[in-house]
Structures are given as structure tokens and as C-alpha cells.
Amino acid sequence: MADWNLRPASLTDTEPVAELRAVAMRPDLERLGRYDPHRVRQRFRDSFDPAHAWIIEVSGSFAGCVALRPSPDAHWLEHFFLAPELQGTGIGTAVLRDLLDHCDRDGVVVRLNVLRGSPARRLYERVGFRWETEDAVDVFMVREPGGG
């Protein structure tokens, strides 16, 4: 596995991450018949808050993004995208375990939604997320502190 680190996100990261989101999510969105090149980027722009996000760098280069947005009853894991060529290398698992370790120490429940049929669901289940509910597009999952 390559060297990786997290750095705080800023507004200048919005467009590179929006582009990566479009690339990373395209196969799943196309499979669901929901890919729209403008909408996939705009949904990110409309919800991105760099105050709760980090940029994933691998060997010093931009490789992805992840966010933990606080809400009254949990933190929401959002905007977790990794460049397709780095998926399956263990970097995503390492980043996720690092964030979840902090949440475990703080006693924080973590929630997320993942597209139905996405291979990312297997990663989330491996680190302790469990199915909570779903709709026609998304599966909603939750992880209690220490759930990994």
C-alpha cells in the first residue's frame, strides 16, 4: 500500500473533488440508470462543507476525499471517493479505519448511505457498519462505537 495522508479540505478543493466524484460514481450510477454528468457534480457542490472534510493524498498527490459531518445523533460519513486506480489497494480501508478509530474514542455513532449494489458496501460491512434501511437508490447503514 502506498503512503497516504489526510489534509484539511478547503473551498479550492471543490472542483477537483466534484470531478473525481463523477468518475468514481459513474459505474454505479449508470447501473442504476441515474448518471447525469451535470447533476453528479452539482449535488456534490451543493453539499460540500470543507470544515468537515479531508483530502486524501497518496505519495503527495490528490487521490480522494472523505468527510464526517456532525449531526445531533451521529456523524455522517460522506463524500468518500478514491481515484479508481487506487480502489482495492487498501488505502480506502486504512483511511476509514483511521477515522472510525477517532469516532470510537469519542463514542460517536457513524451513519452513511451507499448506492444499492455498490462494491463499497462490502468495505463498510468489513469495518462494522450494518444495514439499517434502504430505498430504491440508497442503502443506509450505521456503525456503533467500537463496532469494528
# chains A, B, ... in the order shown; residues from 1 in each chain; ligands from 1
call {"tool": "residues_around", "arguments": {"residues": "Glu19 (chain A)", "least_positions_apart": "3", "cutoff": "10 Å", "atoms": "only C-alpha atoms", "output": "list in words"}}
result
Thr14, Glu15, Pro16, Ala22, Val23, Ala24, Pro37, Val40, Arg41 and Phe44 of chain A
call {"tool": "select_by_dssp", "arguments": {"residues": "region 20-146 of chain A", "states": "alpha helix (DSSP H)", "output": "JSON, numbers by chain"}}
result
{"A": [20, 21, 22, 23, 24, 25, 26, 27, 28, 29, 30, 31, 37, 38, 39, 40, 41, 42, 43, 44, 45, 46, 47, 91, 92, 93, 94, 95, 96, 97, 98, 99, 100, 101, 102, 103, 104, 105, 106, 120, 121, 122, 123, 124, 125, 126]}
call {"tool": "atom_distance", "arguments": {"atom1": "CA of Ser118 (chain A)", "atom2": "CA of Leu11 (chain A)"}}
result
28.0 Å
call {"tool": "residues_around", "arguments": {"residues": "Glu134 (chain A)", "least_positions_apart": "6", "cutoff": "12 Å", "atoms": "only C-alpha atoms", "output": "NGL selection string"}}
result
:A and (112-117 or 140-142)
call {"tool": "write_last_selection", "arguments": {"atoms": "all heavy atoms", "output": "PDB file, in the first residue's frame"}}
result
ATOM      1  N   LEU A 112     -24.056   6.346   7.241  1.00  0.00           N
ATOM      2  CA  LEU A 112     -23.730   6.617   5.841  1.00  0.00           C
ATOM      3  C   LEU A 112     -24.836   6.082   4.963  1.00  0.00           C
ATOM      4  O   LEU A 112     -25.689   5.317   5.414  1.00  0.00           O
ATOM      5  CB  LEU A 112     -22.382   6.007   5.456  1.00  0.00           C
ATOM      6  CG  LEU A 112     -22.224   4.481   5.534  1.00  0.00           C
ATOM      7  CD1 LEU A 112     -22.802   3.771   4.305  1.00  0.00           C
ATOM      8  CD2 LEU A 112     -20.753   4.128   5.662  1.00  0.00           C
ATOM      9  N   ASN A 113     -24.818   6.516   3.733  1.00  0.00           N
ATOM     10  CA  ASN A 113     -25.626   5.855   2.711  1.00  0.00           C
ATOM     11  C   ASN A 113     -24.712   5.526   1.541  1.00  0.00           C
ATOM     12  O   ASN A 113     -23.780   6.250   1.239  1.00  0.00           O
ATOM     13  CB  ASN A 113     -26.843   6.677   2.295  1.00  0.00           C
ATOM     14  CG  ASN A 113     -26.503   8.010   1.710  1.00  0.00           C
ATOM     15  OD1 ASN A 113     -26.049   8.896   2.415  1.00  0.00           O
ATOM     16  ND2 ASN A 113     -26.720   8.175   0.413  1.00  0.00           N
ATOM     17  N   VAL A 114     -24.994   4.368   0.942  1.00  0.00           N
ATOM     18  CA  VAL A 114     -24.211   3.869  -0.183  1.00  0.00           C
ATOM     19  C   VAL A 114     -25.201   3.439  -1.263  1.00  0.00           C
ATOM     20  O   VAL A 114     -26.294   2.962  -0.953  1.00  0.00           O
ATOM     21  CB  VAL A 114     -23.286   2.709   0.269  1.00  0.00           C
ATOM     22  CG1 VAL A 114     -24.057   1.535   0.815  1.00  0.00           C
ATOM     23  CG2 VAL A 114     -22.330   2.280  -0.833  1.00  0.00           C
ATOM     24  N   LEU A 115     -24.829   3.643  -2.514  1.00  0.00           N
ATOM     25  CA  LEU A 115     -25.710   3.249  -3.607  1.00  0.00           C
ATOM     26  C   LEU A 115     -25.950   1.741  -3.588  1.00  0.00           C
ATOM     27  O   LEU A 115     -25.025   0.957  -3.333  1.00  0.00           O
ATOM     28  CB  LEU A 115     -25.106   3.662  -4.951  1.00  0.00           C
ATOM     29  CG  LEU A 115     -25.053   5.161  -5.211  1.00  0.00           C
ATOM     30  CD1 LEU A 115     -24.230   5.457  -6.461  1.00  0.00           C
ATOM     31  CD2 LEU A 115     -26.457   5.742  -5.350  1.00  0.00           C
ATOM     32  N   ARG A 116     -27.186   1.358  -3.840  1.00  0.00           N
ATOM     33  CA  ARG A 116     -27.525  -0.069  -3.892  1.00  0.00           C
ATOM     34  C   ARG A 116     -26.641  -0.772  -4.915  1.00  0.00           C
ATOM     35  O   ARG A 116     -26.426  -0.267  -6.008  1.00  0.00           O
ATOM     36  CB  ARG A 116     -28.991  -0.249  -4.260  1.00  0.00           C
ATOM     37  CG  ARG A 116     -29.912   0.179  -3.133  1.00  0.00           C
ATOM     38  CD  ARG A 116     -31.331  -0.032  -3.513  1.00  0.00           C
ATOM     39  NE  ARG A 116     -31.588  -1.468  -3.507  1.00  0.00           N
ATOM     40  CZ  ARG A 116     -32.784  -2.001  -3.382  1.00  0.00           C
ATOM     41  NH1 ARG A 116     -33.840  -1.237  -3.285  1.00  0.00           N
ATOM     42  NH2 ARG A 116     -32.941  -3.306  -3.381  1.00  0.00           N
ATOM     43  N   GLY A 117     -26.109  -1.907  -4.524  1.00  0.00           N
ATOM     44  CA  GLY A 117     -25.271  -2.699  -5.417  1.00  0.00           C
ATOM     45  C   GLY A 117     -23.830  -2.245  -5.513  1.00  0.00           C
ATOM     46  O   GLY A 117     -23.036  -2.867  -6.212  1.00  0.00           O
ATOM     47  N   PHE A 140     -28.917   2.608   3.667  1.00  0.00           N
ATOM     48  CA  PHE A 140     -28.488   3.394   4.821  1.00  0.00           C
ATOM     49  C   PHE A 140     -27.925   2.440   5.860  1.00  0.00           C
ATOM     50  O   PHE A 140     -28.538   1.425   6.189  1.00  0.00           O
ATOM     51  CB  PHE A 140     -29.659   4.197   5.385  1.00  0.00           C
ATOM     52  CG  PHE A 140     -30.144   5.249   4.413  1.00  0.00           C
ATOM     53  CD1 PHE A 140     -31.071   4.930   3.430  1.00  0.00           C
ATOM     54  CD2 PHE A 140     -29.628   6.531   4.452  1.00  0.00           C
ATOM     55  CE1 PHE A 140     -31.502   5.866   2.509  1.00  0.00           C
ATOM     56  CE2 PHE A 140     -30.050   7.487   3.532  1.00  0.00           C
ATOM     57  CZ  PHE A 140     -30.989   7.155   2.564  1.00  0.00           C
ATOM     58  N   MET A 141     -26.727   2.788   6.357  1.00  0.00           N
ATOM     59  CA  MET A 141     -26.007   1.922   7.279  1.00  0.00           C
ATOM     60  C   MET A 141     -25.596   2.710   8.522  1.00  0.00           C
ATOM     61  O   MET A 141     -25.471   3.935   8.478  1.00  0.00           O
ATOM     62  CB  MET A 141     -24.778   1.331   6.577  1.00  0.00           C
ATOM     63  CG  MET A 141     -25.126   0.570   5.304  1.00  0.00           C
ATOM     64  SD  MET A 141     -23.697  -0.154   4.485  1.00  0.00           S
ATOM     65  CE  MET A 141     -23.507  -1.631   5.491  1.00  0.00           C
ATOM     66  N   VAL A 142     -25.352   1.982   9.608  1.00  0.00           N
ATOM     67  CA  VAL A 142     -24.960   2.608  10.866  1.00  0.00           C
ATOM     68  C   VAL A 142     -23.864   1.764  11.506  1.00  0.00           C
ATOM     69  O   VAL A 142     -23.810   0.535  11.322  1.00  0.00           O
ATOM     70  CB  VAL A 142     -26.175   2.761  11.816  1.00  0.00           C
ATOM     71  CG1 VAL A 142     -26.767   1.406  12.210  1.00  0.00           C
ATOM     72  CG2 VAL A 142     -25.821   3.600  13.050  1.00  0.00           C
TER      73      VAL A 142
END
call {"tool": "residues_around", "arguments": {"residues": "Arg69 (chain A)", "least_positions_apart": "6", "cutoff": "9 Å", "atoms": "only C-alpha atoms", "output": "PDB file with N, CA, C and O atoms, in the first residue's frame"}}
result
ATOM      1  N   ASP A  49     -19.002  20.756   2.480  1.00  0.00           N
ATOM      2  CA  ASP A  49     -18.597  21.690   3.525  1.00  0.00           C
ATOM      3  C   ASP A  49     -17.164  21.332   3.923  1.00  0.00           C
ATOM      4  O   ASP A  49     -16.944  20.350   4.628  1.00  0.00           O
ATOM      5  N   ALA A  51     -15.264  22.344   6.066  1.00  0.00           N
ATOM      6  CA  ALA A  51     -14.979  22.353   7.507  1.00  0.00           C
ATOM      7  C   ALA A  51     -14.993  20.952   8.104  1.00  0.00           C
ATOM      8  O   ALA A  51     -14.405  20.725   9.166  1.00  0.00           O
ATOM      9  N   HIS A  52     -15.663  20.009   7.443  1.00  0.00           N
ATOM     10  CA  HIS A  52     -15.772  18.647   7.963  1.00  0.00           C
ATOM     11  C   HIS A  52     -15.178  17.617   7.008  1.00  0.00           C
ATOM     12  O   HIS A  52     -15.518  16.437   7.076  1.00  0.00           O
ATOM     13  N   ALA A  53     -14.298  18.078   6.120  1.00  0.00           N
ATOM     14  CA  ALA A  53     -13.770  17.181   5.081  1.00  0.00           C
ATOM     15  C   ALA A  53     -12.247  17.194   5.057  1.00  0.00           C
ATOM     16  O   ALA A  53     -11.613  18.150   5.498  1.00  0.00           O
ATOM     17  N   HIS A  75     -22.331  11.087  13.443  1.00  0.00           N
ATOM     18  CA  HIS A  75     -21.577  11.739  12.376  1.00  0.00           C
ATOM     19  C   HIS A  75     -21.949  10.995  11.089  1.00  0.00           C
ATOM     20  O   HIS A  75     -22.095   9.769  11.096  1.00  0.00           O
ATOM     21  N   TRP A  76     -22.090  11.743  10.005  1.00  0.00           N
ATOM     22  CA  TRP A  76     -22.378  11.142   8.702  1.00  0.00           C
ATOM     23  C   TRP A  76     -21.098  11.061   7.893  1.00  0.00           C
ATOM     24  O   TRP A  76     -20.434  12.077   7.676  1.00  0.00           O
ATOM     25  N   LEU A  77     -20.741   9.852   7.485  1.00  0.00           N
ATOM     26  CA  LEU A  77     -19.615   9.644   6.582  1.00  0.00           C
ATOM     27  C   LEU A  77     -20.113   9.986   5.178  1.00  0.00           C
ATOM     28  O   LEU A  77     -21.072   9.381   4.684  1.00  0.00           O
ATOM     29  N   GLU A  78     -19.476  10.982   4.572  1.00  0.00           N
ATOM     30  CA  GLU A  78     -19.928  11.482   3.275  1.00  0.00           C
ATOM     31  C   GLU A  78     -18.729  11.716   2.354  1.00  0.00           C
ATOM     32  O   GLU A  78     -17.597  11.806   2.809  1.00  0.00           O
TER      33      GLU A  78
END
call {"tool": "residues_around", "arguments": {"residues": "Arg126 (chain A)", "least_positions_apart": "5", "cutoff": "12 Å", "atoms": "only C-alpha atoms", "output": "PDB file with N, CA, C and O atoms, in the first residue's frame"}}
result
ATOM      1  N   GLY A  92      -8.349   2.960   0.976  1.00  0.00           N
ATOM      2  CA  GLY A  92      -9.676   3.321   1.473  1.00  0.00           C
ATOM      3  C   GLY A  92      -9.960   2.700   2.829  1.00  0.00           C
ATOM      4  O   GLY A  92     -10.470   3.361   3.735  1.00  0.00           O
ATOM      5  N   THR A  93      -9.599   1.438   2.996  1.00  0.00           N
ATOM      6  CA  THR A  93      -9.792   0.760   4.282  1.00  0.00           C
ATOM      7  C   THR A  93      -8.974   1.443   5.368  1.00  0.00           C
ATOM      8  O   THR A  93      -9.465   1.672   6.476  1.00  0.00           O
ATOM      9  N   ALA A  94      -7.724   1.782   5.071  1.00  0.00           N
ATOM     10  CA  ALA A  94      -6.858   2.431   6.059  1.00  0.00           C
ATOM     11  C   ALA A  94      -7.408   3.802   6.461  1.00  0.00           C
ATOM     12  O   ALA A  94      -7.440   4.145   7.651  1.00  0.00           O
ATOM     13  N   LEU A  96     -10.533   4.839   6.260  1.00  0.00           N
ATOM     14  CA  LEU A  96     -11.777   4.640   7.001  1.00  0.00           C
ATOM     15  C   LEU A  96     -11.507   4.163   8.416  1.00  0.00           C
ATOM     16  O   LEU A  96     -12.098   4.666   9.376  1.00  0.00           O
ATOM     17  N   ARG A  97     -10.607   3.212   8.580  1.00  0.00           N
ATOM     18  CA  ARG A  97     -10.281   2.723   9.941  1.00  0.00           C
ATOM     19  C   ARG A  97      -9.714   3.852  10.815  1.00  0.00           C
ATOM     20  O   ARG A  97     -10.029   3.943  11.994  1.00  0.00           O
ATOM     21  N   PRO A 119     -19.987  -1.914  -4.771  1.00  0.00           N
ATOM     22  CA  PRO A 119     -18.992  -2.745  -4.094  1.00  0.00           C
ATOM     23  C   PRO A 119     -18.474  -2.114  -2.804  1.00  0.00           C
ATOM     24  O   PRO A 119     -17.948  -2.807  -1.945  1.00  0.00           O
ATOM     25  N   ALA A 120     -18.624  -0.791  -2.649  1.00  0.00           N
ATOM     26  CA  ALA A 120     -18.172  -0.124  -1.421  1.00  0.00           C
ATOM     27  C   ALA A 120     -18.900  -0.664  -0.188  1.00  0.00           C
ATOM     28  O   ALA A 120     -18.365  -0.607   0.922  1.00  0.00           O
ATOM     29  N   ARG A 121     -20.089  -1.203  -0.373  1.00  0.00           N
ATOM     30  CA  ARG A 121     -20.833  -1.722   0.783  1.00  0.00           C
ATOM     31  C   ARG A 121     -20.032  -2.810   1.503  1.00  0.00           C
ATOM     32  O   ARG A 121     -20.065  -2.897   2.730  1.00  0.00           O
ATOM     33  N   ARG A 143     -23.012   2.439  12.256  1.00  0.00           N
ATOM     34  CA  ARG A 143     -21.937   1.763  12.996  1.00  0.00           C
ATOM     35  C   ARG A 143     -21.867   2.369  14.385  1.00  0.00           C
ATOM     36  O   ARG A 143     -21.661   3.572  14.563  1.00  0.00           O
ATOM     37  N   GLY A 147     -17.704  -0.752  16.857  1.00  0.00           N
ATOM     38  CA  GLY A 147     -18.369  -1.728  16.008  1.00  0.00           C
ATOM     39  C   GLY A 147     -17.470  -2.465  15.051  1.00  0.00           C
ATOM     40  O   GLY A 147     -17.908  -3.380  14.362  1.00  0.00           O
ATOM     41  N   GLY A 148     -16.206  -2.071  14.970  1.00  0.00           N
ATOM     42  CA  GLY A 148     -15.301  -2.746  14.028  1.00  0.00           C
ATOM     43  C   GLY A 148     -14.642  -3.903  14.656  1.00  0.00           C
ATOM     44  O   GLY A 148     -13.974  -4.698  14.150  1.00  0.00           O
TER      45      GLY A 148
END
call {"tool": "residues_around", "arguments": {"residues": "Ser59 (chain A)", "least_positions_apart": "3", "cutoff": "9 Å", "atoms": "only C-alpha atoms", "output": "list in words"}}
result
Ala2, Asp3, Trp4, Asn5 and Phe62 of chain A
call {"tool": "write_last_selection", "arguments": {"atoms": "all heavy atoms", "output": "mmCIF file, in the first residue's frame"}}
result
data_model
loop_
_atom_site.group_PDB
_atom_site.id
_atom_site.type_symbol
_atom_site.label_atom_id
_atom_site.label_comp_id
_atom_site.auth_asym_id
_atom_site.auth_seq_id
_atom_site.Cartn_x
_atom_site.Cartn_y
_atom_site.Cartn_z
ATOM 1 N N ALA A 2 0.529 2.201 -0.816
ATOM 2 C CA ALA A 2 1.286 3.454 -0.926
ATOM 3 C C ALA A 2 1.105 4.297 0.325
ATOM 4 O O ALA A 2 0.167 4.117 1.096
ATOM 5 C CB ALA A 2 0.804 4.233 -2.153
ATOM 6 N N ASP A 3 2.033 5.232 0.538
ATOM 7 C CA ASP A 3 1.915 6.170 1.648
ATOM 8 C C ASP A 3 0.748 7.112 1.387
ATOM 9 O O ASP A 3 0.590 7.624 0.275
ATOM 10 C CB ASP A 3 3.195 7.006 1.776
ATOM 11 C CG ASP A 3 4.371 6.185 2.252
ATOM 12 O OD1 ASP A 3 4.158 5.214 3.005
ATOM 13 O OD2 ASP A 3 5.501 6.518 1.867
ATOM 14 N N TRP A 4 -0.067 7.343 2.413
ATOM 15 C CA TRP A 4 -1.204 8.242 2.278
ATOM 16 C C TRP A 4 -1.267 9.154 3.489
ATOM 17 O O TRP A 4 -0.696 8.862 4.538
ATOM 18 C CB TRP A 4 -2.509 7.462 2.130
ATOM 19 C CG TRP A 4 -2.844 6.645 3.348
ATOM 20 C CD1 TRP A 4 -2.444 5.364 3.614
ATOM 21 C CD2 TRP A 4 -3.611 7.064 4.475
ATOM 22 N NE1 TRP A 4 -2.905 4.959 4.837
ATOM 23 C CE2 TRP A 4 -3.636 5.983 5.389
ATOM 24 C CE3 TRP A 4 -4.269 8.235 4.805
ATOM 25 C CZ2 TRP A 4 -4.302 6.047 6.608
ATOM 26 C CZ3 TRP A 4 -4.943 8.296 6.025
ATOM 27 C CH2 TRP A 4 -4.957 7.215 6.911
ATOM 28 N N ASN A 5 -1.954 10.270 3.323
ATOM 29 C CA ASN A 5 -2.226 11.148 4.453
ATOM 30 C C ASN A 5 -3.501 11.933 4.166
ATOM 31 O O ASN A 5 -3.992 11.976 3.038
ATOM 32 C CB ASN A 5 -1.048 12.086 4.758
ATOM 33 C CG ASN A 5 -0.885 13.151 3.704
ATOM 34 O OD1 ASN A 5 -0.552 12.852 2.573
ATOM 35 N ND2 ASN A 5 -1.112 14.397 4.074
ATOM 36 N N PHE A 62 -3.142 14.406 -4.974
ATOM 37 C CA PHE A 62 -4.581 14.289 -4.734
ATOM 38 C C PHE A 62 -5.071 12.915 -5.151
ATOM 39 O O PHE A 62 -4.804 12.467 -6.270
ATOM 40 C CB PHE A 62 -5.313 15.381 -5.528
ATOM 41 C CG PHE A 62 -6.807 15.223 -5.539
ATOM 42 C CD1 PHE A 62 -7.549 15.438 -4.392
ATOM 43 C CD2 PHE A 62 -7.466 14.858 -6.697
ATOM 44 C CE1 PHE A 62 -8.930 15.295 -4.398
ATOM 45 C CE2 PHE A 62 -8.843 14.715 -6.724
ATOM 46 C CZ PHE A 62 -9.588 14.928 -5.569
#
